[in-house]
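Trainee: Pasting coords.cif below, which is mmCIF, C-alpha atoms (C1' of nucleotides).
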data_upload
#
loop_
_atom_site.group_PDB
_atom_site.id
_atom_site.type_symbol
_atom_site.label_atom_id
_atom_site.label_comp_id
_atom_site.auth_asym_id
_atom_site.auth_seq_id
_atom_site.Cartn_x
_atom_site.Cartn_y
_atom_site.Cartn_z
ATOM 1 C CA MET A 1 5.313 165.080 -16.999
ATOM 2 C CA ASN A 2 4.609 168.717 -16.458
ATOM 3 C CA ASN A 3 6.603 171.017 -18.639
ATOM 4 C CA ASP A 4 4.675 174.048 -17.373
ATOM 5 C CA GLU A 5 6.864 176.863 -16.283
ATOM 6 C CA ASP A 6 5.584 176.587 -12.748
ATOM 7 C CA THR A 7 8.052 179.015 -11.209
ATOM 8 C CA ARG A 8 6.625 181.895 -13.167
ATOM 9 C CA SER A 9 5.021 183.616 -10.190
ATOM 10 C CA PRO A 10 7.495 186.003 -8.547
ATOM 11 C CA ASP A 11 5.170 186.276 -5.533
ATOM 12 C CA ILE A 12 4.021 189.702 -4.434
ATOM 13 C CA ASP A 13 5.125 190.936 -1.016
ATOM 14 C CA ARG A 14 1.784 191.259 0.725
ATOM 15 C CA LEU A 15 3.228 193.365 3.500
ATOM 16 C CA ILE A 16 4.001 196.104 1.005
ATOM 17 C CA HIS A 17 1.115 195.295 -1.314
ATOM 18 C CA GLU A 18 -1.564 196.498 1.105
ATOM 19 C CA PRO A 19 -2.562 199.971 -0.187
ATOM 20 C CA ALA A 20 -2.153 201.717 3.156
ATOM 21 C CA ARG A 21 1.351 200.352 3.666
ATOM 22 C CA LEU A 22 2.249 200.846 0.029
ATOM 23 C CA LYS A 23 1.547 204.535 0.478
ATOM 24 C CA ILE A 24 3.635 204.657 3.636
ATOM 25 C CA MET A 25 6.530 202.874 1.971
ATOM 26 C CA ALA A 26 6.322 205.019 -1.145
ATOM 27 C CA GLN A 27 6.320 208.205 0.881
ATOM 28 C CA LEU A 28 9.218 207.110 3.019
ATOM 29 C CA TYR A 29 11.098 205.986 -0.054
ATOM 30 C CA VAL A 30 11.158 209.492 -1.471
ATOM 31 C CA VAL A 31 11.404 211.647 1.626
ATOM 32 C CA GLU A 32 13.901 209.420 3.450
ATOM 33 C CA SER A 33 12.462 210.389 6.842
ATOM 34 C CA ALA A 34 9.101 211.653 8.047
ATOM 35 C CA ASP A 35 7.096 212.140 11.190
ATOM 36 C CA PHE A 36 3.771 210.607 12.140
ATOM 37 C CA ILE A 37 1.692 213.692 11.409
ATOM 38 C CA PHE A 38 3.221 214.223 7.994
ATOM 39 C CA LEU A 39 2.516 210.637 7.031
ATOM 40 C CA MET A 40 -0.997 210.843 8.356
ATOM 41 C CA ARG A 41 -1.747 213.771 6.074
ATOM 42 C CA ARG A 42 -0.042 212.203 3.097
ATOM 43 C CA THR A 43 -1.591 208.780 3.435
ATOM 44 C CA GLN A 44 -5.029 209.933 4.592
ATOM 45 C CA LEU A 45 -4.931 207.257 7.279
ATOM 46 C CA THR A 46 -6.339 207.608 10.781
ATOM 47 C CA TRP A 47 -4.092 207.512 13.854
ATOM 48 C CA GLY A 48 -5.108 203.958 14.519
ATOM 49 C CA ASN A 49 -4.513 202.604 11.074
ATOM 50 C CA LEU A 50 -1.212 204.347 10.618
ATOM 51 C CA SER A 51 -0.079 203.110 14.003
ATOM 52 C CA SER A 52 -0.925 199.489 13.359
ATOM 53 C CA HIS A 53 0.534 199.437 9.862
ATOM 54 C CA MET A 54 3.620 201.120 11.230
ATOM 55 C CA SER A 55 3.999 198.353 13.785
ATOM 56 C CA LYS A 56 3.792 195.708 11.114
ATOM 57 C CA LEU A 57 6.388 197.371 8.949
ATOM 58 C CA GLU A 58 8.600 197.788 11.973
ATOM 59 C CA THR A 59 8.238 194.146 12.990
ATOM 60 C CA ALA A 60 9.215 193.137 9.477
ATOM 61 C CA GLY A 61 12.298 195.330 9.756
ATOM 62 C CA TYR A 62 11.225 197.515 6.848
ATOM 63 C CA ILE A 63 11.146 200.744 8.827
ATOM 64 C CA LYS A 64 12.939 202.194 11.807
ATOM 65 C CA VAL A 65 10.869 204.125 14.331
ATOM 66 C CA GLU A 66 12.424 206.729 16.562
ATOM 67 C CA LYS A 67 10.514 208.305 19.395
ATOM 68 C CA GLU A 68 11.668 211.475 21.055
ATOM 69 C CA PHE A 69 10.190 214.369 22.987
ATOM 70 C CA VAL A 70 9.800 217.762 21.387
ATOM 71 C CA ASP A 71 8.363 220.465 23.613
ATOM 72 C CA LYS A 72 7.586 217.733 26.138
ATOM 73 C CA LYS A 73 5.321 216.061 23.615
ATOM 74 C CA PRO A 74 6.042 212.732 21.986
ATOM 75 C CA HIS A 75 7.320 212.885 18.448
ATOM 76 C CA THR A 76 7.683 209.881 16.204
ATOM 77 C CA ILE A 77 10.008 209.761 13.236
ATOM 78 C CA LEU A 78 9.951 207.019 10.634
ATOM 79 C CA ALA A 79 12.510 205.986 8.084
ATOM 80 C CA LEU A 80 13.073 203.053 5.784
ATOM 81 C CA THR A 81 15.777 200.603 6.701
ATOM 82 C CA GLU A 82 18.094 199.195 4.062
ATOM 83 C CA LYS A 83 15.992 196.057 4.143
ATOM 84 C CA GLY A 84 12.886 198.152 3.615
ATOM 85 C CA LYS A 85 14.414 200.001 0.685
ATOM 86 C CA ALA A 86 15.463 196.754 -0.933
ATOM 87 C CA ALA A 87 12.041 195.224 -0.347
ATOM 88 C CA PHE A 88 10.310 198.210 -1.893
ATOM 89 C CA GLN A 89 12.583 198.197 -4.915
ATOM 90 C CA SER A 90 11.973 194.504 -5.373
ATOM 91 C CA TYR A 91 8.230 194.967 -4.968
ATOM 92 C CA ARG A 92 8.281 197.693 -7.588
ATOM 93 C CA LYS A 93 10.099 195.457 -10.000
ATOM 94 C CA VAL A 94 7.689 192.580 -9.511
ATOM 95 C CA MET A 95 4.638 194.794 -9.912
ATOM 96 C CA GLN A 96 5.976 196.498 -12.990
ATOM 97 C CA GLN A 97 6.618 193.098 -14.471
ATOM 98 C CA VAL A 98 3.085 191.998 -13.726
ATOM 99 C CA LEU A 99 1.545 195.206 -15.001
ATOM 100 C CA ASP A 100 3.651 195.980 -18.032
ATOM 101 C CA GLU A 101 3.024 192.767 -19.860
ATOM 102 C CA ILE A 102 2.840 189.106 -19.244
ATOM 103 C CA PRO A 103 5.293 187.046 -21.302
ATOM 104 C CA GLU A 104 3.269 185.244 -23.963
ATOM 105 C CA MET B 1 -8.079 226.234 6.467
ATOM 106 C CA ASN B 2 -6.591 223.148 4.928
ATOM 107 C CA ASN B 3 -4.627 223.717 1.791
ATOM 108 C CA ASP B 4 -3.460 220.118 1.735
ATOM 109 C CA GLU B 5 -4.015 218.431 -1.552
ATOM 110 C CA ASP B 6 -6.367 215.941 0.023
ATOM 111 C CA THR B 7 -7.580 214.433 -3.216
ATOM 112 C CA ARG B 8 -4.147 213.105 -3.990
ATOM 113 C CA SER B 9 -5.040 209.436 -3.420
ATOM 114 C CA PRO B 10 -6.434 207.936 -6.612
ATOM 115 C CA ASP B 11 -7.664 204.959 -4.582
ATOM 116 C CA ILE B 12 -6.543 201.511 -5.583
ATOM 117 C CA ASP B 13 -9.197 199.085 -6.842
ATOM 118 C CA ARG B 14 -8.987 196.372 -4.213
ATOM 119 C CA LEU B 15 -10.909 193.921 -6.326
ATOM 120 C CA ILE B 16 -8.092 193.907 -8.846
ATOM 121 C CA HIS B 17 -5.354 194.598 -6.323
ATOM 122 C CA GLU B 18 -5.571 191.185 -4.664
ATOM 123 C CA PRO B 19 -2.644 189.184 -6.115
ATOM 124 C CA ALA B 20 -4.727 186.192 -7.137
ATOM 125 C CA ARG B 21 -7.244 188.324 -9.011
ATOM 126 C CA LEU B 22 -4.531 190.562 -10.422
ATOM 127 C CA LYS B 23 -3.012 187.495 -12.054
ATOM 128 C CA ILE B 24 -6.365 186.427 -13.431
ATOM 129 C CA MET B 25 -7.063 189.892 -14.824
ATOM 130 C CA ALA B 26 -3.577 190.214 -16.293
ATOM 131 C CA GLN B 27 -3.841 186.849 -17.991
ATOM 132 C CA LEU B 28 -7.266 187.570 -19.403
ATOM 133 C CA TYR B 29 -6.109 190.979 -20.544
ATOM 134 C CA VAL B 30 -3.521 189.482 -22.837
ATOM 135 C CA VAL B 31 -5.194 186.291 -23.990
ATOM 136 C CA GLU B 32 -8.662 187.792 -24.436
ATOM 137 C CA SER B 33 -10.321 184.487 -23.527
ATOM 138 C CA ALA B 34 -9.273 181.457 -21.525
ATOM 139 C CA ASP B 35 -10.707 178.383 -19.900
ATOM 140 C CA PHE B 36 -10.683 177.412 -16.247
ATOM 141 C CA ILE B 37 -7.900 174.869 -16.544
ATOM 142 C CA PHE B 38 -5.612 177.209 -18.430
ATOM 143 C CA LEU B 39 -6.059 179.911 -15.824
ATOM 144 C CA MET B 40 -5.501 177.434 -13.031
ATOM 145 C CA ARG B 41 -2.128 176.492 -14.469
ATOM 146 C CA ARG B 42 -1.162 180.067 -15.194
ATOM 147 C CA THR B 43 -2.182 181.494 -11.861
ATOM 148 C CA GLN B 44 -1.141 178.549 -9.720
ATOM 149 C CA LEU B 45 -4.446 178.773 -7.895
ATOM 150 C CA THR B 46 -6.475 175.825 -6.645
ATOM 151 C CA TRP B 47 -9.948 175.022 -7.989
ATOM 152 C CA GLY B 48 -11.522 176.598 -4.959
ATOM 153 C CA ASN B 49 -9.610 179.817 -5.006
ATOM 154 C CA LEU B 50 -9.954 180.358 -8.708
ATOM 155 C CA SER B 51 -13.663 179.641 -8.469
ATOM 156 C CA SER B 52 -14.317 182.120 -5.683
ATOM 157 C CA HIS B 53 -12.197 184.874 -7.175
ATOM 158 C CA MET B 54 -13.904 184.275 -10.491
ATOM 159 C CA SER B 55 -17.268 184.755 -8.840
ATOM 160 C CA LYS B 56 -16.187 188.049 -7.361
ATOM 161 C CA LEU B 57 -14.887 189.347 -10.658
ATOM 162 C CA GLU B 58 -18.092 188.226 -12.324
ATOM 163 C CA THR B 59 -20.287 189.899 -9.710
ATOM 164 C CA ALA B 60 -18.340 193.102 -10.253
ATOM 165 C CA GLY B 61 -18.969 192.798 -13.976
ATOM 166 C CA TYR B 62 -15.272 192.605 -14.778
ATOM 167 C CA ILE B 63 -15.429 189.236 -16.471
ATOM 168 C CA LYS B 64 -17.966 187.251 -18.422
ATOM 169 C CA VAL B 65 -18.254 183.553 -17.682
ATOM 170 C CA GLU B 66 -19.585 181.152 -20.239
ATOM 171 C CA LYS B 67 -20.370 177.576 -19.391
ATOM 172 C CA GLU B 68 -20.853 174.972 -22.011
ATOM 173 C CA PHE B 69 -20.538 171.224 -22.416
ATOM 174 C CA VAL B 70 -17.658 169.728 -24.330
ATOM 175 C CA ASP B 71 -17.656 165.955 -24.600
ATOM 176 C CA LYS B 72 -20.502 165.981 -22.120
ATOM 177 C CA LYS B 73 -18.244 167.580 -19.529
ATOM 178 C CA PRO B 74 -18.651 171.121 -18.245
ATOM 179 C CA HIS B 75 -16.296 173.646 -19.726
ATOM 180 C CA THR B 76 -15.908 177.184 -18.428
ATOM 181 C CA ILE B 77 -14.607 180.025 -20.520
ATOM 182 C CA LEU B 78 -13.672 183.402 -19.083
ATOM 183 C CA ALA B 79 -13.191 186.721 -20.779
ATOM 184 C CA LEU B 80 -12.864 190.320 -19.678
ATOM 185 C CA THR B 81 -15.809 192.597 -20.244
ATOM 186 C CA GLU B 82 -15.316 196.125 -21.515
ATOM 187 C CA LYS B 83 -15.793 197.268 -17.945
ATOM 188 C CA GLY B 84 -13.134 194.832 -16.804
ATOM 189 C CA LYS B 85 -10.691 195.991 -19.440
ATOM 190 C CA ALA B 86 -11.232 199.603 -18.492
ATOM 191 C CA ALA B 87 -10.863 198.806 -14.796
ATOM 192 C CA PHE B 88 -7.622 196.952 -15.392
ATOM 193 C CA GLN B 89 -6.211 199.764 -17.510
ATOM 194 C CA SER B 90 -7.157 202.265 -14.862
ATOM 195 C CA TYR B 91 -5.655 200.078 -12.133
ATOM 196 C CA ARG B 92 -2.437 199.841 -14.100
ATOM 197 C CA LYS B 93 -2.256 203.578 -14.458
ATOM 198 C CA VAL B 94 -2.835 204.182 -10.769
ATOM 199 C CA MET B 95 -0.269 201.617 -9.718
ATOM 200 C CA GLN B 96 2.324 202.883 -12.139
ATOM 201 C CA GLN B 97 1.763 206.348 -10.774
ATOM 202 C CA VAL B 98 2.225 205.135 -7.226
ATOM 203 C CA LEU B 99 5.268 203.061 -8.058
ATOM 204 C CA ASP B 100 7.102 205.268 -10.505
ATOM 205 C CA GLU B 101 7.419 208.256 -8.278
ATOM 206 C CA ILE B 102 5.421 210.293 -5.877
ATOM 207 C CA PRO B 103 5.083 213.970 -6.846
ATOM 208 C CA GLU B 104 7.344 216.027 -4.574
ATOM 209 C "C1'" DC C 1 -8.265 222.103 38.844
ATOM 210 C "C1'" DA C 2 -11.187 220.722 35.202
ATOM 211 C "C1'" DA C 3 -11.859 220.544 30.305
ATOM 212 C "C1'" DA C 4 -9.788 220.262 25.961
ATOM 213 C "C1'" DG C 5 -5.974 219.212 23.017
ATOM 214 C "C1'" DT C 6 -1.918 216.344 21.294
ATOM 215 C "C1'" DA C 7 0.058 212.105 20.051
ATOM 216 C "C1'" DC C 8 -0.462 208.150 19.744
ATOM 217 C "C1'" DT C 9 -1.801 202.491 21.095
ATOM 218 C "C1'" DT C 10 -5.043 198.830 21.870
ATOM 219 C "C1'" DT C 11 -9.254 196.503 21.092
ATOM 220 C "C1'" DG C 12 -13.240 194.796 18.526
ATOM 221 C "C1'" DT C 13 -15.662 193.540 14.391
ATOM 222 C "C1'" DA C 14 -16.774 192.649 9.772
ATOM 223 C "C1'" DA C 15 -14.590 191.189 5.412
ATOM 224 C "C1'" DC C 16 -11.864 188.016 3.034
ATOM 225 C "C1'" DA C 17 -8.301 184.677 1.197
ATOM 226 C "C1'" DC C 18 -7.176 180.110 1.167
ATOM 227 C "C1'" DA C 19 -7.820 175.142 1.836
ATOM 228 C "C1'" DA C 20 -10.636 171.319 2.549
ATOM 229 C "C1'" DA C 21 -14.810 169.145 1.789
ATOM 230 C "C1'" DG C 22 -18.786 168.598 -1.068
ATOM 231 C "C1'" DT C 23 -21.561 168.204 -5.648
ATOM 232 C "C1'" DA C 24 -22.551 166.450 -10.160
ATOM 233 C "C1'" DT C 25 -21.683 163.836 -14.037
ATOM 234 C "C1'" DA C 26 -18.817 160.529 -16.818
ATOM 235 C "C1'" DT C 27 -15.936 156.685 -17.634
ATOM 236 C "C1'" DG C 28 -13.815 152.236 -16.735
ATOM 237 C "C1'" DA C 29 -13.071 147.782 -14.133
ATOM 238 C "C1'" DG C 30 -14.996 143.600 -12.342
ATOM 239 C "C1'" DC D 1 -25.058 146.560 -12.913
ATOM 240 C "C1'" DT D 2 -22.250 148.382 -9.226
ATOM 241 C "C1'" DC D 3 -18.185 150.408 -7.320
ATOM 242 C "C1'" DA D 4 -14.193 153.167 -7.823
ATOM 243 C "C1'" DT D 5 -11.845 156.791 -10.037
ATOM 244 C "C1'" DA D 6 -11.723 161.047 -12.778
ATOM 245 C "C1'" DT D 7 -13.135 165.610 -14.328
ATOM 246 C "C1'" DA D 8 -14.839 170.084 -13.411
ATOM 247 C "C1'" DC D 9 -15.990 172.688 -10.623
ATOM 248 C "C1'" DT D 10 -18.848 175.115 -5.990
ATOM 249 C "C1'" DT D 11 -19.608 175.655 -1.137
ATOM 250 C "C1'" DT D 12 -18.175 175.769 3.512
ATOM 251 C "C1'" DG D 13 -15.089 176.670 7.369
ATOM 252 C "C1'" DT D 14 -11.250 178.920 9.617
ATOM 253 C "C1'" DG D 15 -7.614 181.869 10.631
ATOM 254 C "C1'" DT D 16 -5.766 186.458 9.249
ATOM 255 C "C1'" DT D 17 -6.316 191.268 8.735
ATOM 256 C "C1'" DA D 18 -7.800 196.115 7.805
ATOM 257 C "C1'" DC D 19 -10.298 199.671 9.572
ATOM 258 C "C1'" DA D 20 -12.686 202.324 13.136
ATOM 259 C "C1'" DA D 21 -13.736 203.274 17.737
ATOM 260 C "C1'" DA D 22 -12.277 203.464 22.260
ATOM 261 C "C1'" DG D 23 -8.570 203.927 25.419
ATOM 262 C "C1'" DT D 24 -3.976 205.823 27.369
ATOM 263 C "C1'" DA D 25 -0.786 209.252 28.799
ATOM 264 C "C1'" DC D 26 0.400 213.265 28.993
ATOM 265 C "C1'" DT D 27 0.255 218.845 28.391
ATOM 266 C "C1'" DT D 28 -1.908 223.170 27.851
ATOM 267 C "C1'" DT D 29 -5.483 226.499 28.526
ATOM 268 C "C1'" DG D 30 -9.362 228.801 30.834
#
Could you render the structure from this file as structure tokens?
Mentor:
Amino acid sequence: MNNDEDTRSPDIDRLIHEPARLKIMAQLYVVESADFIFLMRRTQLTWGNLSSHMSKLETAGYIKVEKEFVDKKPHTILALTEKGKAAFQSYRKVMQQVLDEIPE
Amino acid sequence: MNNDEDTRSPDIDRLIHEPARLKIMAQLYVVESADFIFLMRRTQLTWGNLSSHMSKLETAGYIKVEKEFVDKKPHTILALTEKGKAAFQSYRKVMQQVLDEIPE
DNA sequence: CAAAGTACTTTGTAACACAAAGTATATGAG
DNA sequence: CTCATATACTTTGTGTTACAAAGTACTTTG
């Protein structure tokens, strides 16, 4: 009755898709580990935004957040988890598929 | 005082970035012209969603919407404008840059 | 010891994506 | 002719969310 290929939408991961988080993920993907300040400068996000996006990525299990004290001041280090790496790779693939060309 | 490269975020076009609209734009980019029903099937969107996203793309000047009557029923045809084509190309370039690799 | 700085987290608001309901016309059954 | 169903959408309502502003918890400096 419907011979449409209706499973032709590989669904974009909205958690990564959001520009702010996409930048965070992309940065972490290449540097493997970074602190809050570094990411703030690289992503041009404010403390607040970075913090809240960080929480979301952490809740999803995409990043691991380690807090420690350096010179008696808090210091936050972020890194992708395996799950996060896989999710980013998958997201990349989906987006490249969407952007490169649409089959017929 | 700051020698950060602070213009290193080519800013993602959120109008196109939204998955639903990205699908619409991508479809229109390849087919050059399509009707409402066709797009609905291709994008898996409901009437309502397609309609509202369409309006936004039209307001932005990214698509041109033509309404006519076929068999006394309304028939809506969509096509990218030159502005829309350029915006999509630019979006593609930015996203590919972000996804392919981040400089250093 | 008070003011300013560092390193964040929490809260509030305006925008928005999606679904459900509404609009307008046409066609078909009784 | 009237009611129900269909087609082709548009408008409205609601819950989610992204961003900024305010708040928290300290430490350092004058």
Trainee: Could you please determine the separation between C1' of DC8 in chain C and CA of Gly48 in chain A in Å, to one decimal place?
Mentor: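 So the two atoms, C1' of DC8 in chain C and CA of Gly48 in chain A, lie 8.2 Å apart.
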Trainee: What gap, in Å, lies between CA of Lys93 in chain A and CA of Ile63 in chain A?
Mentor: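 Value for the CA of Lys93 in chain A-CA of Ile63 in chain A distance: 19.6 Å.
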Trainee: Which polymer residues have any atom within 9 Å of an atom of DT12 in chain D, counting all atoms listed in the file, with same-chain residues fewer than 4 positions away left out, as JSON, numbers by chain?
Mentor: {"C": [20, 21, 22]}
Trainee: Which residues, written as a PyMOL selection string, have at least one atom at most 12 Å from Val98 in chain B, with all atoms listed in the file counted and residues fewer than 2 positions away on the same chain left out?
Mentor: (chain A and resi 17+19-27+29-30+43+88+92+95-96) or (chain B and resi 8-12+91-96+100-103)
Trainee: Take the residues from that selection and write them out as a PDB file, keeping the file's coordinate frame, keeping C-alpha atoms.
Mentor:
ATOM      1  CA  HIS A  17       1.115 195.295  -1.314  1.00  0.00           C
ATOM      2  CA  PRO A  19      -2.562 199.971  -0.187  1.00  0.00           C
ATOM      3  CA  ALA A  20      -2.153 201.717   3.156  1.00  0.00           C
ATOM      4  CA  ARG A  21       1.351 200.352   3.666  1.00  0.00           C
ATOM      5  CA  LEU A  22       2.249 200.846   0.029  1.00  0.00           C
ATOM      6  CA  LYS A  23       1.547 204.535   0.478  1.00  0.00           C
ATOM      7  CA  ILE A  24       3.635 204.657   3.636  1.00  0.00           C
ATOM      8  CA  MET A  25       6.530 202.874   1.971  1.00  0.00           C
ATOM      9  CA  ALA A  26       6.322 205.019  -1.145  1.00  0.00           C
ATOM     10  CA  GLN A  27       6.320 208.205   0.881  1.00  0.00           C
ATOM     11  CA  TYR A  29      11.098 205.986  -0.054  1.00  0.00           C
ATOM     12  CA  VAL A  30      11.158 209.492  -1.471  1.00  0.00           C
ATOM     13  CA  THR A  43      -1.591 208.780   3.435  1.00  0.00           C
ATOM     14  CA  PHE A  88      10.310 198.210  -1.893  1.00  0.00           C
ATOM     15  CA  ARG A  92       8.281 197.693  -7.588  1.00  0.00           C
ATOM     16  CA  MET A  95       4.638 194.794  -9.912  1.00  0.00           C
ATOM     17  CA  GLN A  96       5.976 196.498 -12.990  1.00  0.00           C
TER      18      GLN A  96
ATOM     19  CA  ARG B   8      -4.147 213.105  -3.990  1.00  0.00           C
ATOM     20  CA  SER B   9      -5.040 209.436  -3.420  1.00  0.00           C
ATOM     21  CA  PRO B  10      -6.434 207.936  -6.612  1.00  0.00           C
ATOM     22  CA  ASP B  11      -7.664 204.959  -4.582  1.00  0.00           C
ATOM     23  CA  ILE B  12      -6.543 201.511  -5.583  1.00  0.00           C
ATOM     24  CA  TYR B  91      -5.655 200.078 -12.133  1.00  0.00           C
ATOM     25  CA  ARG B  92      -2.437 199.841 -14.100  1.00  0.00           C
ATOM     26  CA  LYS B  93      -2.256 203.578 -14.458  1.00  0.00           C
ATOM     27  CA  VAL B  94      -2.835 204.182 -10.769  1.00  0.00           C
ATOM     28  CA  MET B  95      -0.269 201.617  -9.718  1.00  0.00           C
ATOM     29  CA  GLN B  96       2.324 202.883 -12.139  1.00  0.00           C
ATOM     30  CA  ASP B 100       7.102 205.268 -10.505  1.00  0.00           C
ATOM     31  CA  GLU B 101       7.419 208.256  -8.278  1.00  0.00           C
ATOM     32  CA  ILE B 102       5.421 210.293  -5.877  1.00  0.00           C
ATOM     33  CA  PRO B 103       5.083 213.970  -6.846  1.00  0.00           C
TER      34      PRO B 103
END
Trainee: I would like the residues chosen by the PyMOL selection byres ((chain A) within 8 of (chain D)) on the shown file; could you give them as a list in words?
Mentor: Gly48, Asn49, Lys72 and Lys73 of chain A
Trainee: Identify every residue of chain C that has at least one atom within 12 Å of any atom of chain B, counting only C-alpha atoms (C1' of nucleotides), and report the result as a VMD selection string.
Mentor: chain C and resid 16 to 22 24 to 27
Trainee: Save the residues we just selected, C-alpha atoms (C1' of nucleotides), as a compact mmCIF listing (two decimals), in the frame of the given file?
Mentor:
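Result file follows (selection02.txt):
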# COMPACT_ATOMS: atom_id res chain seq x y z
C1' DC C 16 -11.86 188.02 3.03
C1' DA C 17 -8.30 184.68 1.20
C1' DC C 18 -7.18 180.11 1.17
C1' DA C 19 -7.82 175.14 1.84
C1' DA C 20 -10.64 171.32 2.55
C1' DA C 21 -14.81 169.14 1.79
C1' DG C 22 -18.79 168.60 -1.07
C1' DA C 24 -22.55 166.45 -10.16
C1' DT C 25 -21.68 163.84 -14.04
C1' DA C 26 -18.82 160.53 -16.82
C1' DT C 27 -15.94 156.68 -17.63
Trainee: Which one of A:Arg41, A:Glu32, A:Thr81, A:Trp47 sits closest to chain B if you count all atoms listed in the file?
Mentor: A:Arg41
Trainee: Output chain A as a compact mmCIF listing (two decimals) with C-alpha atoms, in the frame of the given file, after least-squares fitting it to chain B on all in-order C-alpha pairs.
Mentor:
# COMPACT_ATOMS: atom_id res chain seq x y z
CA MET A 1 -7.72 226.23 6.79
CA ASN A 2 -6.28 223.15 5.22
CA ASN A 3 -4.43 223.76 2.03
CA ASP A 4 -3.30 220.13 1.87
CA GLU A 5 -3.91 218.52 -1.44
CA ASP A 6 -6.28 216.04 0.12
CA THR A 7 -7.52 214.54 -3.13
CA ARG A 8 -4.12 213.15 -3.94
CA SER A 9 -5.05 209.52 -3.38
CA PRO A 10 -6.40 207.99 -6.60
CA ASP A 11 -7.67 205.00 -4.60
CA ILE A 12 -6.58 201.53 -5.63
CA ASP A 13 -9.24 199.13 -6.88
CA ARG A 14 -9.04 196.43 -4.24
CA LEU A 15 -10.96 193.96 -6.36
CA ILE A 16 -8.14 193.94 -8.88
CA HIS A 17 -5.40 194.64 -6.36
CA GLU A 18 -5.65 191.22 -4.70
CA PRO A 19 -2.70 189.22 -6.13
CA ALA A 20 -4.78 186.22 -7.15
CA ARG A 21 -7.29 188.34 -9.05
CA LEU A 22 -4.58 190.57 -10.45
CA LYS A 23 -3.05 187.51 -12.06
CA ILE A 24 -6.41 186.44 -13.45
CA MET A 25 -7.10 189.89 -14.85
CA ALA A 26 -3.62 190.22 -16.31
CA GLN A 27 -3.86 186.85 -18.00
CA LEU A 28 -7.28 187.56 -19.41
CA TYR A 29 -6.13 190.97 -20.55
CA VAL A 30 -3.53 189.48 -22.86
CA VAL A 31 -5.17 186.27 -24.02
CA GLU A 32 -8.66 187.76 -24.46
CA SER A 33 -10.31 184.45 -23.54
CA ALA A 34 -9.27 181.43 -21.51
CA ASP A 35 -10.69 178.35 -19.88
CA PHE A 36 -10.66 177.39 -16.22
CA ILE A 37 -7.86 174.85 -16.51
CA PHE A 38 -5.59 177.19 -18.40
CA LEU A 39 -6.05 179.89 -15.79
CA MET A 40 -5.50 177.44 -12.99
CA ARG A 41 -2.11 176.51 -14.40
CA ARG A 42 -1.16 180.08 -15.13
CA THR A 43 -2.22 181.52 -11.81
CA GLN A 44 -1.16 178.57 -9.65
CA LEU A 45 -4.48 178.81 -7.84
CA THR A 46 -6.50 175.87 -6.56
CA TRP A 47 -9.95 175.06 -7.95
CA GLY A 48 -11.56 176.62 -4.94
CA ASN A 49 -9.67 179.86 -4.96
CA LEU A 50 -9.99 180.38 -8.68
CA SER A 51 -13.69 179.67 -8.47
CA SER A 52 -14.37 182.14 -5.69
CA HIS A 53 -12.24 184.89 -7.19
CA MET A 54 -13.94 184.27 -10.50
CA SER A 55 -17.32 184.77 -8.86
CA LYS A 56 -16.24 188.06 -7.40
CA LEU A 57 -14.93 189.36 -10.68
CA GLU A 58 -18.11 188.22 -12.36
CA THR A 59 -20.32 189.91 -9.78
CA ALA A 60 -18.39 193.12 -10.32
CA GLY A 61 -19.00 192.80 -14.05
CA TYR A 62 -15.30 192.60 -14.83
CA ILE A 63 -15.45 189.21 -16.49
CA LYS A 64 -17.97 187.21 -18.46
CA VAL A 65 -18.25 183.51 -17.72
CA GLU A 66 -19.57 181.08 -20.27
CA LYS A 67 -20.32 177.50 -19.40
CA GLU A 68 -20.78 174.86 -22.04
CA PHE A 69 -20.43 171.12 -22.41
CA VAL A 70 -17.54 169.62 -24.31
CA ASP A 71 -17.53 165.84 -24.55
CA LYS A 72 -20.37 165.84 -22.03
CA LYS A 73 -18.10 167.50 -19.50
CA PRO A 74 -18.55 171.03 -18.24
CA HIS A 75 -16.23 173.60 -19.73
CA THR A 76 -15.89 177.13 -18.45
CA ILE A 77 -14.59 179.99 -20.54
CA LEU A 78 -13.68 183.37 -19.12
CA ALA A 79 -13.20 186.70 -20.80
CA LEU A 80 -12.88 190.30 -19.73
CA THR A 81 -15.82 192.57 -20.30
CA GLU A 82 -15.33 196.10 -21.57
CA LYS A 83 -15.83 197.26 -18.02
CA GLY A 84 -13.18 194.83 -16.87
CA LYS A 85 -10.72 195.99 -19.51
CA ALA A 86 -11.28 199.61 -18.56
CA ALA A 87 -10.92 198.81 -14.87
CA PHE A 88 -7.67 196.98 -15.45
CA GLN A 89 -6.26 199.78 -17.57
CA SER A 90 -7.21 202.28 -14.92
CA TYR A 91 -5.72 200.11 -12.19
CA ARG A 92 -2.49 199.86 -14.15
CA LYS A 93 -2.32 203.60 -14.50
CA VAL A 94 -2.90 204.21 -10.81
CA MET A 95 -0.32 201.64 -9.77
CA GLN A 96 2.28 202.91 -12.18
CA GLN A 97 1.72 206.37 -10.80
CA VAL A 98 2.18 205.14 -7.26
CA LEU A 99 5.23 203.08 -8.11
CA ASP A 100 7.06 205.28 -10.57
CA GLU A 101 7.41 208.27 -8.33
CA ILE A 102 5.43 210.30 -5.92
CA PRO A 103 5.12 213.98 -6.85
CA GLU A 104 7.33 215.92 -4.45
Trainee: Just the number, please: distance in Å from C1' of DT6 in chain C to CA of Thr59 in chain A, one decimal.
Mentor: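 Atom-to-atom, C1' of DT6 in chain C and CA of Thr59 in chain A are spaced 25.8 Å apart.
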Trainee: Of the candidates B:Lys83, B:His75, B:Arg14, B:Lys64, which shows the shortest atom-to-atom distance to chain A, using all atoms listed in the file?
Mentor: B:Arg14
Trainee: Set the distance at 9 Å and use all atoms listed in the file: which residues neighbour Phe36 in chain A once local chain neighbours fewer than 2 positions away are removed? I'd like the list as an NGL selection string.
Mentor: (:A and (34 or 38-41 or 47 or 50-51 or 75-78)) or (:C and (7))
